[in-house]
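First comes the structure, then the notes that go with it.
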Amino acid sequence: MRSLRSGLSPASLLTGAATLVTLGALLVAAPAAQAADTPLRDLAAAKGKAIGTAVTGSKLTGTYGDIAGAQFNWLTPGNAMKWETVEPSRGTYNWAEADQIVAFAQAHNQQVRGHTLVWHSQNPGWLANGTWTPAELSTLLQDHISTEVTRYKGRLAAWDVVNEPFNEDGTYRSTLWYNGLGADYIAQALTWARAADPSAKLYINDYNVEGVNAKSTALYNLVKSLKERGVPIDGVGLQAHLILGQVPATFQQNIQRFADLGVDVAITELDIRMQLPSTEAKLTQQAADYKAVLDACVAVARCTGVTVWGFTDSDSWIPDVFTGYGAATPYDENYVPKPAYYAIATALGGTTTPPTGACSATYSVASQWNTGFTGQVRIACSGAALSAWRVSWSFGAGQQITQAWNATCAQTGAAVSCVNASYNGTVPNGGSVTFGFNAAWSGSNPVPVVTVG
Ligand code: G3I
């Protein structure tokens with residue numbers, strides 16, 4: 001079993017009670033961040049495929065950064081390269097997060113997918129609410145594309161140049177760009193992007209175009225006509241924001257028809273959402289769905305790879321937008337790999353099976369006063385289940401448990417061991433159990449590393 005490096009050291013956390021409360025969960029998440037023997041990126045590379053994730057720049061430290069760097073060979077900035085982020089007021093640029101992600105990728109030998117240059121959403125207010133003549137709009141768009149693509153020239157492997165240009169019925173979406181410039185804004189954007197960086201692969205990216213349907217056929221016809229006209233177009237991005245159990249039956253056939261047109265296909269934003277709470281049955285179905293998507297990409301030579309839209313359920317857009325839905329990514333909120341993770345590994349030729357110990361304990365200080373504190377430990381399982389549990393840690397600064405609830409705890413010297421109560425030994429796959437305790441402390445109250453077993 002290969003443990004991911006953790007950027008967190010216990011000593012670095014001993015900075016005061018307030019931060020302990022916040023950071024406790026992060027610290028003990030690290031030992032649980034164990035995954036397949038071979039990282040996904042190595043499995044993917046052996047098949048000549050990309051395995052990517054969307055990332056948030058501010059989170060690229062600690063366990064999040066460790067997993068992003070170790071498991072993936074492509075990164076997509078989730079929001080950092082969008083127009084509202086890079087030019088929030090006209091002529092004032094903010095490249096901080098985009099630069100940070102590109103630097104992280106270079107340091108980890110990863111490719112970057114730029115996302116996105118022309119979209120109807122996440123545009124700055126000054127642009128979206130302005131009144132523009134077609135000539136002004138055209139100049140604004142050309143300047144934007146030239147400025148951003150030139151900034152990262154030679155450093156990005158691909159760009160989602162145009163994002164989501166179609167309605168579900170295959171007609172063009174009514175947007176600032178379409179309404180002002182007509183459908184040819186797409187050809188112009190691609191041409192300007194190619195001029196700014198001839199080495200980046202240029203894509204049109206959309207959702208609900210994974211199977212053969214009216215929208216994907218409109219995309220197909222557009223790409224065909226762009227190629228016939230000699231407009232630079234290298235690939236299509238199929239976002240793949242899917243629903244549990246609903247991978248389109250024509251997924252591979254659809255990928256193949258684009259490949260046959262002479263363009264690459266990338267799965268650019270894969271997530272598979274389910275109605276919460278997650279259950280073992282839903283996680284098993286999700287794993288099958290992830291595998292079906294990966295299998296379809298692996299089966300078509302021109303499918304360059306798969307990017308997940310966030311690798312952990314703690315960094316996913318789904319719960320914010322689809323009320324009651326979530327658990328859409330391959331790692332749970334505590335960075336424990338889910339069955340979907342192992343399904344990806346399997347589809348990429350890995351031989352791993354979920355470890356029996358895919359349960360982790362998260363220790364946190366719920367409240368603290370001058371002589372005592374209330375602690376909480378949450379045991380969560382993903383890809384495994386427990387019928388009884390024991391949780392252990394060592395108190396590093398003389399803390400002493402005085403009382404526990406929902407567990408029986410014993411302390412000998414620094415060593416603490418807590419076992420389940422009669423009624424909460426079962427932790428189902430995808431479920432969790434929490435117990436609490438009061439303890440005395442003085443001097444300092446460092447957060448211990450907790451193990452389940
Ligand atoms: O940064 C602000 C923060 O300061 C503020 O406190 C917070 C309050 O709501 O909002 C934060 O901004 C959010 C931003 O994500 C960063 O987290 C926006 O509200 C939120 O709308 C925005 O959502 C993004 C969404 O695009 C917007 O449509 C998601 O993160 C991003 O993952 C998502 O990505 C899109 C792809 O670009 C295109 N395909 C669909 C996909 C999912 O919508």
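Each chain in the structure tokens gets a letter, A, B, ..., in the order shown, and its residues are numbered from 1; ligands are numbered from 1 in order too.
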**Message:** For the alpha helix (DSSP H) assignment from backbone DSSP, which residues of region 4-213 of chain A qualify? Please present them as a VMD selection string.
**Reply:** chain A and resid 17 to 32 40 to 46 62 to 71 83 to 86 96 to 107 125 to 128 134 to 151 176 to 181 185 to 196
**Request:** Can you tell me which residues come within 9 Å of ligand 1 when counting only C-alpha atoms and all ligand atoms, ideally as number ranges by chain?
**Result:** A: 54-56, 77-80, 82, 85, 115-116, 119, 121-122, 163-164, 205-207, 239, 241, 268-269, 309-310, 315-318, 320-321
**Asked** Counting only C-alpha atoms, which of A:Thr329, A:Gln188, A:Thr133, A:Gln256 gets nearest to Leu244 (chain A)?
**Response**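 Looking only at the distances to Leu244 (chain A), the closest residue turns out to be A:Thr329.
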For region 205-276 of chain A against region 41-49 of chain A, with a cut-off of 12 Å and counting only C-alpha atoms, what is the closest atom pair and its distance in Å to one decimal for every residue that makes the cut, ordered by chain and number, as a Markdown table?
| residue | atom | partner | partner_atom | distance |
| --- | --- | --- | --- | --- |
| A:Asp264 | CA | A:Lys49 | CA | 11.9 |
| A:Val265 | CA | A:Lys49 | CA | 11.3 |
| A:Ala266 | CA | A:Lys49 | CA | 9.8 |
| A:Ile267 | CA | A:Lys49 | CA | 11.0 |
Save out the residues we just selected, N, CA and C atoms, as an mmCIF file, in the first residue's frame.
data_model
loop_
_atom_site.group_PDB
_atom_site.id
_atom_site.type_symbol
_atom_site.label_atom_id
_atom_site.label_comp_id
_atom_site.auth_asym_id
_atom_site.auth_seq_id
_atom_site.Cartn_x
_atom_site.Cartn_y
_atom_site.Cartn_z
ATOM 1 N N ASP A 264 -9.478 15.363 -31.981
ATOM 2 C CA ASP A 264 -9.349 14.667 -30.707
ATOM 3 C C ASP A 264 -10.617 14.866 -29.888
ATOM 4 N N VAL A 265 -10.791 13.967 -28.927
ATOM 5 C CA VAL A 265 -11.919 14.085 -27.993
ATOM 6 C C VAL A 265 -11.338 14.008 -26.583
ATOM 7 N N ALA A 266 -11.741 14.942 -25.737
ATOM 8 C CA ALA A 266 -11.348 14.872 -24.330
ATOM 9 C C ALA A 266 -12.611 14.871 -23.477
ATOM 10 N N ILE A 267 -12.611 14.038 -22.454
ATOM 11 C CA ILE A 267 -13.686 14.101 -21.445
ATOM 12 C C ILE A 267 -13.191 15.126 -20.427
#
**Prompt:** If you count only C-alpha atoms, which residues fall within 10 Å of Gln71 (chain A), apart from same-chain ones fewer than 5 positions away, as a PyMOL selection string?
**Reply:** chain A and resi 4+35-36+38-44+51-53+66+311
**Prompt:** Running DSSP on the backbone, which parts of region 26-243 of chain A land in strand (DSSP E), as a VMD selection string?
**Reply:** chain A and resid 34 to 35 50 to 55 74 to 77 111 to 118 158 to 163 201 to 206 235 to 238 241 to 243
Closest contacts (region 171-251 of chain A/region 150-155 of chain A, max 9 Å, only C-alpha atoms) as JSON lines:
{"residue": "A:Ala193", "atom": "CA", "partner": "A:Thr150", "partner_atom": "CA", "distance": 8.6}
{"residue": "A:Ala196", "atom": "CA", "partner": "A:Thr150", "partner_atom": "CA", "distance": 5.3}
{"residue": "A:Asp197", "atom": "CA", "partner": "A:Lys153", "partner_atom": "CA", "distance": 5.2}
{"residue": "A:Pro198", "atom": "CA", "partner": "A:Gly154", "partner_atom": "CA", "distance": 8.3}
{"residue": "A:Ser199", "atom": "CA", "partner": "A:Gly154", "partner_atom": "CA", "distance": 6.4}
{"residue": "A:Ala200", "atom": "CA", "partner": "A:Gly154", "partner_atom": "CA", "distance": 7.1}
May I have the residues from that selection written out with N, CA and C atoms, as an mmCIF file, in the first residue's frame?
data_model
loop_
_atom_site.group_PDB
_atom_site.id
_atom_site.type_symbol
_atom_site.label_atom_id
_atom_site.label_comp_id
_atom_site.auth_asym_id
_atom_site.auth_seq_id
_atom_site.Cartn_x
_atom_site.Cartn_y
_atom_site.Cartn_z
ATOM 1 N N ALA A 193 -7.004 32.456 -31.198
ATOM 2 C CA ALA A 193 -6.267 31.633 -30.235
ATOM 3 C C ALA A 193 -5.072 30.961 -30.911
ATOM 4 N N ALA A 196 -2.214 33.309 -31.334
ATOM 5 C CA ALA A 196 -1.510 33.668 -30.096
ATOM 6 C C ALA A 196 -0.629 32.540 -29.583
ATOM 7 N N ASP A 197 -1.027 31.304 -29.802
ATOM 8 C CA ASP A 197 -0.201 30.173 -29.361
ATOM 9 C C ASP A 197 -0.413 29.005 -30.312
ATOM 10 N N PRO A 198 0.457 28.904 -31.329
ATOM 11 C CA PRO A 198 0.265 27.849 -32.333
ATOM 12 C C PRO A 198 0.421 26.441 -31.776
ATOM 13 N N SER A 199 1.004 26.293 -30.573
ATOM 14 C CA SER A 199 1.257 24.933 -30.081
ATOM 15 C C SER A 199 0.127 24.383 -29.218
ATOM 16 N N ALA A 200 -0.784 25.224 -28.777
ATOM 17 C CA ALA A 200 -1.869 24.717 -27.919
ATOM 18 C C ALA A 200 -2.960 24.071 -28.770
#
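Distances to Leu176 (chain A) were evaluated for A:Val86, A:Val450, A:Ala128, A:Ala281 using only C-alpha atoms, and the minimum falls at A:Ala128.
The shortest atom-to-atom distance to Glu333 (chain A), with only C-alpha atoms taken into account, belongs to A:Ser432 out of A:Asn370, A:Ser432, A:Thr139, A:Asn254.
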**Close residues, Ala296 (chain A) itself excluded, 10 Å, only C-alpha atoms, min 2 positions apart in chain, as JSON, numbers by chain** = {"A": [250, 251, 252, 253, 254, 255, 256, 291, 292, 293, 294, 298, 299, 300, 303, 347]}
Resulting file, chosen residues, all heavy atoms, as a CSV table (one decimal), in the first residue's frame:
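Dumped everything to again03.csv:
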chain,number,residue,atom,x,y,z
A,250,THR,N,-24.7,5.5,-26.0
A,250,THR,CA,-24.0,5.8,-27.3
A,250,THR,C,-22.7,6.6,-27.0
A,250,THR,O,-22.2,7.2,-27.9
A,250,THR,CB,-24.9,6.6,-28.2
A,250,THR,OG1,-25.4,7.7,-27.5
A,250,THR,CG2,-26.0,5.7,-28.8
A,251,PHE,N,-22.2,6.6,-25.8
A,251,PHE,CA,-21.0,7.4,-25.4
A,251,PHE,C,-19.8,7.0,-26.4
A,251,PHE,O,-19.3,7.9,-27.0
A,251,PHE,CB,-20.7,7.1,-24.0
A,251,PHE,CG,-19.8,8.2,-23.3
A,251,PHE,CD1,-19.9,8.3,-21.9
A,251,PHE,CD2,-19.1,9.1,-24.0
A,251,PHE,CE1,-19.1,9.3,-21.3
A,251,PHE,CE2,-18.4,10.1,-23.4
A,251,PHE,CZ,-18.4,10.2,-22.0
A,252,GLN,N,-19.5,5.8,-26.4
A,252,GLN,CA,-18.3,5.4,-27.2
A,252,GLN,C,-18.5,5.7,-28.7
A,252,GLN,O,-17.6,6.2,-29.4
A,252,GLN,CB,-17.9,4.0,-27.0
A,252,GLN,CG,-16.6,3.6,-27.7
A,252,GLN,CD,-16.2,2.1,-27.4
A,252,GLN,OE1,-16.5,1.6,-26.3
A,252,GLN,NE2,-15.6,1.5,-28.4
A,253,GLN,N,-19.7,5.4,-29.1
A,253,GLN,CA,-20.0,5.6,-30.6
A,253,GLN,C,-19.9,7.1,-30.9
A,253,GLN,O,-19.4,7.5,-32.0
A,253,GLN,CB,-21.5,5.2,-30.8
A,253,GLN,CG,-22.1,5.4,-32.2
A,253,GLN,CD,-23.6,5.2,-32.2
A,253,GLN,OE1,-24.1,4.5,-31.3
A,253,GLN,NE2,-24.2,5.8,-33.2
A,254,ASN,N,-20.3,7.9,-30.0
A,254,ASN,CA,-20.2,9.4,-30.2
A,254,ASN,C,-18.8,9.9,-30.2
A,254,ASN,O,-18.4,10.7,-31.1
A,254,ASN,CB,-21.0,10.1,-29.1
A,254,ASN,CG,-21.2,11.6,-29.3
A,254,ASN,OD1,-21.5,12.0,-30.5
A,254,ASN,ND2,-21.0,12.4,-28.3
A,255,ILE,N,-18.0,9.4,-29.3
A,255,ILE,CA,-16.6,9.7,-29.3
A,255,ILE,C,-16.0,9.3,-30.6
A,255,ILE,O,-15.2,10.1,-31.2
A,255,ILE,CB,-15.8,9.0,-28.1
A,255,ILE,CG1,-16.3,9.5,-26.8
A,255,ILE,CG2,-14.3,9.2,-28.2
A,255,ILE,CD1,-15.8,8.7,-25.6
A,256,GLN,N,-16.3,8.1,-31.0
A,256,GLN,CA,-15.8,7.6,-32.3
A,256,GLN,C,-16.1,8.4,-33.5
A,256,GLN,O,-15.3,8.7,-34.4
A,256,GLN,CB,-16.2,6.1,-32.5
A,256,GLN,CG,-15.6,5.4,-33.7
A,256,GLN,CD,-14.1,5.2,-33.5
A,256,GLN,OE1,-13.7,4.6,-32.5
A,256,GLN,NE2,-13.2,5.7,-34.4
A,291,LYS,N,-16.4,3.6,-14.5
A,291,LYS,CA,-15.6,2.7,-15.4
A,291,LYS,C,-16.1,2.7,-16.8
A,291,LYS,O,-15.3,2.7,-17.8
A,291,LYS,CB,-15.7,1.3,-14.8
A,291,LYS,CG,-14.9,0.3,-15.6
A,291,LYS,CD,-14.6,-1.0,-14.8
A,291,LYS,CE,-13.7,-2.0,-15.6
A,291,LYS,NZ,-14.2,-2.2,-16.9
A,292,ALA,N,-17.4,2.9,-17.0
A,292,ALA,CA,-18.0,2.9,-18.3
A,292,ALA,C,-17.4,4.1,-19.1
A,292,ALA,O,-17.1,4.0,-20.3
A,292,ALA,CB,-19.5,3.0,-18.3
A,293,VAL,N,-17.3,5.2,-18.4
A,293,VAL,CA,-16.8,6.4,-19.1
A,293,VAL,C,-15.3,6.2,-19.5
A,293,VAL,O,-14.9,6.5,-20.6
A,293,VAL,CB,-17.0,7.7,-18.2
A,293,VAL,CG1,-16.2,8.9,-18.8
A,293,VAL,CG2,-18.4,8.0,-18.0
A,294,LEU,N,-14.5,5.7,-18.5
A,294,LEU,CA,-13.1,5.5,-18.8
A,294,LEU,C,-12.9,4.5,-19.9
A,294,LEU,O,-12.1,4.6,-20.8
A,294,LEU,CB,-12.4,5.1,-17.5
A,294,LEU,CG,-11.8,6.1,-16.6
A,294,LEU,CD1,-10.5,6.7,-17.2
A,294,LEU,CD2,-12.8,7.2,-16.2
A,298,VAL,N,-10.8,4.9,-23.3
A,298,VAL,CA,-9.7,4.0,-23.5
A,298,VAL,C,-9.8,3.3,-24.9
A,298,VAL,O,-8.9,3.0,-25.6
A,298,VAL,CB,-9.5,3.0,-22.4
A,298,VAL,CG1,-8.5,1.9,-22.7
A,298,VAL,CG2,-9.0,3.7,-21.1
A,299,ALA,N,-11.1,3.0,-25.2
A,299,ALA,CA,-11.4,2.2,-26.4
A,299,ALA,C,-11.1,3.0,-27.7
A,299,ALA,O,-11.0,2.4,-28.8
A,299,ALA,CB,-12.8,1.7,-26.4
A,300,VAL,N,-11.1,4.3,-27.7
A,300,VAL,CA,-11.0,5.1,-28.9
A,300,VAL,C,-9.6,5.8,-28.8
A,300,VAL,O,-9.3,6.6,-27.9
A,300,VAL,CB,-12.1,6.1,-29.0
A,300,VAL,CG1,-12.0,7.0,-30.3
A,300,VAL,CG2,-13.5,5.4,-29.0
A,303,CYS,N,-9.4,9.6,-28.2
A,303,CYS,CA,-9.9,10.1,-26.9
A,303,CYS,C,-8.6,10.3,-26.1
A,303,CYS,O,-7.9,9.4,-25.7
A,303,CYS,CB,-10.8,9.2,-26.2
A,303,CYS,SG,-11.5,9.9,-24.7
A,347,ALA,N,-10.0,0.6,-14.9
A,347,ALA,CA,-10.2,0.9,-16.3
A,347,ALA,C,-8.9,1.3,-17.0
A,347,ALA,O,-8.7,1.1,-18.2
A,347,ALA,CB,-11.3,2.0,-16.5
**All residues 10 Å or closer to region 259-261 of chain A, only C-alpha atoms, same chain fewer than 6 positions away omitted, as a list in words** =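 Contacts, with the query itself left out: Tyr220, Asn221, Val223, Lys224, Lys227, Gly235, Val236, Gln253, Val300, Ala301, Arg302 and Cys303 of chain A.
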Could you save those same residues with N, CA and C atoms as a compact mmCIF listing (two decimals), in the first residue's frame?
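And here is the file that came out, result.txt:
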# COMPACT_ATOMS: atom_id res chain seq x y z
N TYR A 220 -21.11 18.25 -33.84
CA TYR A 220 -20.48 17.47 -34.91
C TYR A 220 -20.51 18.25 -36.23
N ASN A 221 -21.68 18.76 -36.56
CA ASN A 221 -21.81 19.50 -37.83
C ASN A 221 -20.96 20.77 -37.82
N VAL A 223 -18.11 21.24 -36.13
CA VAL A 223 -16.69 20.87 -36.27
C VAL A 223 -16.39 20.48 -37.72
N LYS A 224 -17.31 19.75 -38.31
CA LYS A 224 -17.14 19.33 -39.71
C LYS A 224 -16.99 20.57 -40.60
N LYS A 227 -13.69 22.44 -40.03
CA LYS A 227 -12.56 21.76 -40.67
C LYS A 227 -12.58 21.99 -42.18
N GLY A 235 -10.00 19.71 -31.33
CA GLY A 235 -10.70 18.72 -30.54
C GLY A 235 -12.02 19.21 -30.00
N VAL A 236 -12.79 18.25 -29.49
CA VAL A 236 -14.02 18.60 -28.78
C VAL A 236 -13.91 18.09 -27.34
N GLN A 253 -19.71 5.37 -29.15
CA GLN A 253 -20.05 5.62 -30.57
C GLN A 253 -19.91 7.12 -30.89
N VAL A 300 -11.10 4.31 -27.65
CA VAL A 300 -10.96 5.12 -28.87
C VAL A 300 -9.60 5.84 -28.83
N ALA A 301 -8.78 5.56 -29.82
CA ALA A 301 -7.41 6.09 -29.80
C ALA A 301 -7.40 7.61 -29.68
N ARG A 302 -8.31 8.29 -30.36
CA ARG A 302 -8.27 9.75 -30.36
C ARG A 302 -8.92 10.36 -29.13
N CYS A 303 -9.40 9.55 -28.21
CA CYS A 303 -9.85 10.11 -26.94
C CYS A 303 -8.60 10.32 -26.09
**Asked** Which neighbours of Ser278 (chain A) fall inside 7 Å, counting only C-alpha atoms, when residues of the same chain fewer than 5 positions from it are skipped, and could you give them as a PyMOL selection string?
**Response** chain A and resi 283+327+430
Selection from above, N, CA and C atoms, as a PDB file, in the first residue's frame, can you write it?
ATOM      1  N   LEU A 283     -22.771   3.937  -4.390  1.00  0.00           N
ATOM      2  CA  LEU A 283     -21.330   4.065  -4.665  1.00  0.00           C
ATOM      3  C   LEU A 283     -20.855   2.967  -5.619  1.00  0.00           C
ATOM      4  N   ALA A 327     -21.705  13.882  -3.682  1.00  0.00           N
ATOM      5  CA  ALA A 327     -20.875  12.669  -3.710  1.00  0.00           C
ATOM      6  C   ALA A 327     -20.488  12.287  -5.132  1.00  0.00           C
ATOM      7  N   GLY A 430     -19.771   4.098   3.053  1.00  0.00           N
ATOM      8  CA  GLY A 430     -20.388   5.382   2.722  1.00  0.00           C
ATOM      9  C   GLY A 430     -21.006   6.071   3.934  1.00  0.00           C
TER      10      GLY A 430
END
**Asn406 (chain A) surroundings by only C-alpha atoms, 8 Å radius, close-in-sequence under 6 positions cut, as number ranges by chain** = A: 420-421, 424, 434-436
**Prompt:** What gap, in Å, lies between CA of Phe104 (chain A) and CA of Gln286 (chain A)?
**Reply:**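 Here the two named atoms are 29.9 Å from each other.
Restricting the calculation to only C-alpha atoms, the smallest distance between Thr171 (chain A) and any of A:Asn438, A:Thr217, A:Thr426, A:Thr362 is found for A:Thr217.
Using only C-alpha atoms, the smallest distance between any of A:Phe166, A:Trp405, A:Tyr93, A:Trp83 and Leu127 (chain A) comes from A:Trp83.
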**Item:** d(CA of Ala105 (chain A), CA of Ala328 (chain A)) in Å
**Value:**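 Those two atoms sit 24.0 Å apart.
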**Fill in**
For Thr307 (chain A), the closest of A:Gly69, A:Gly237, A:Ile379, A:Gly431 counting only C-alpha atoms is A:Gly237
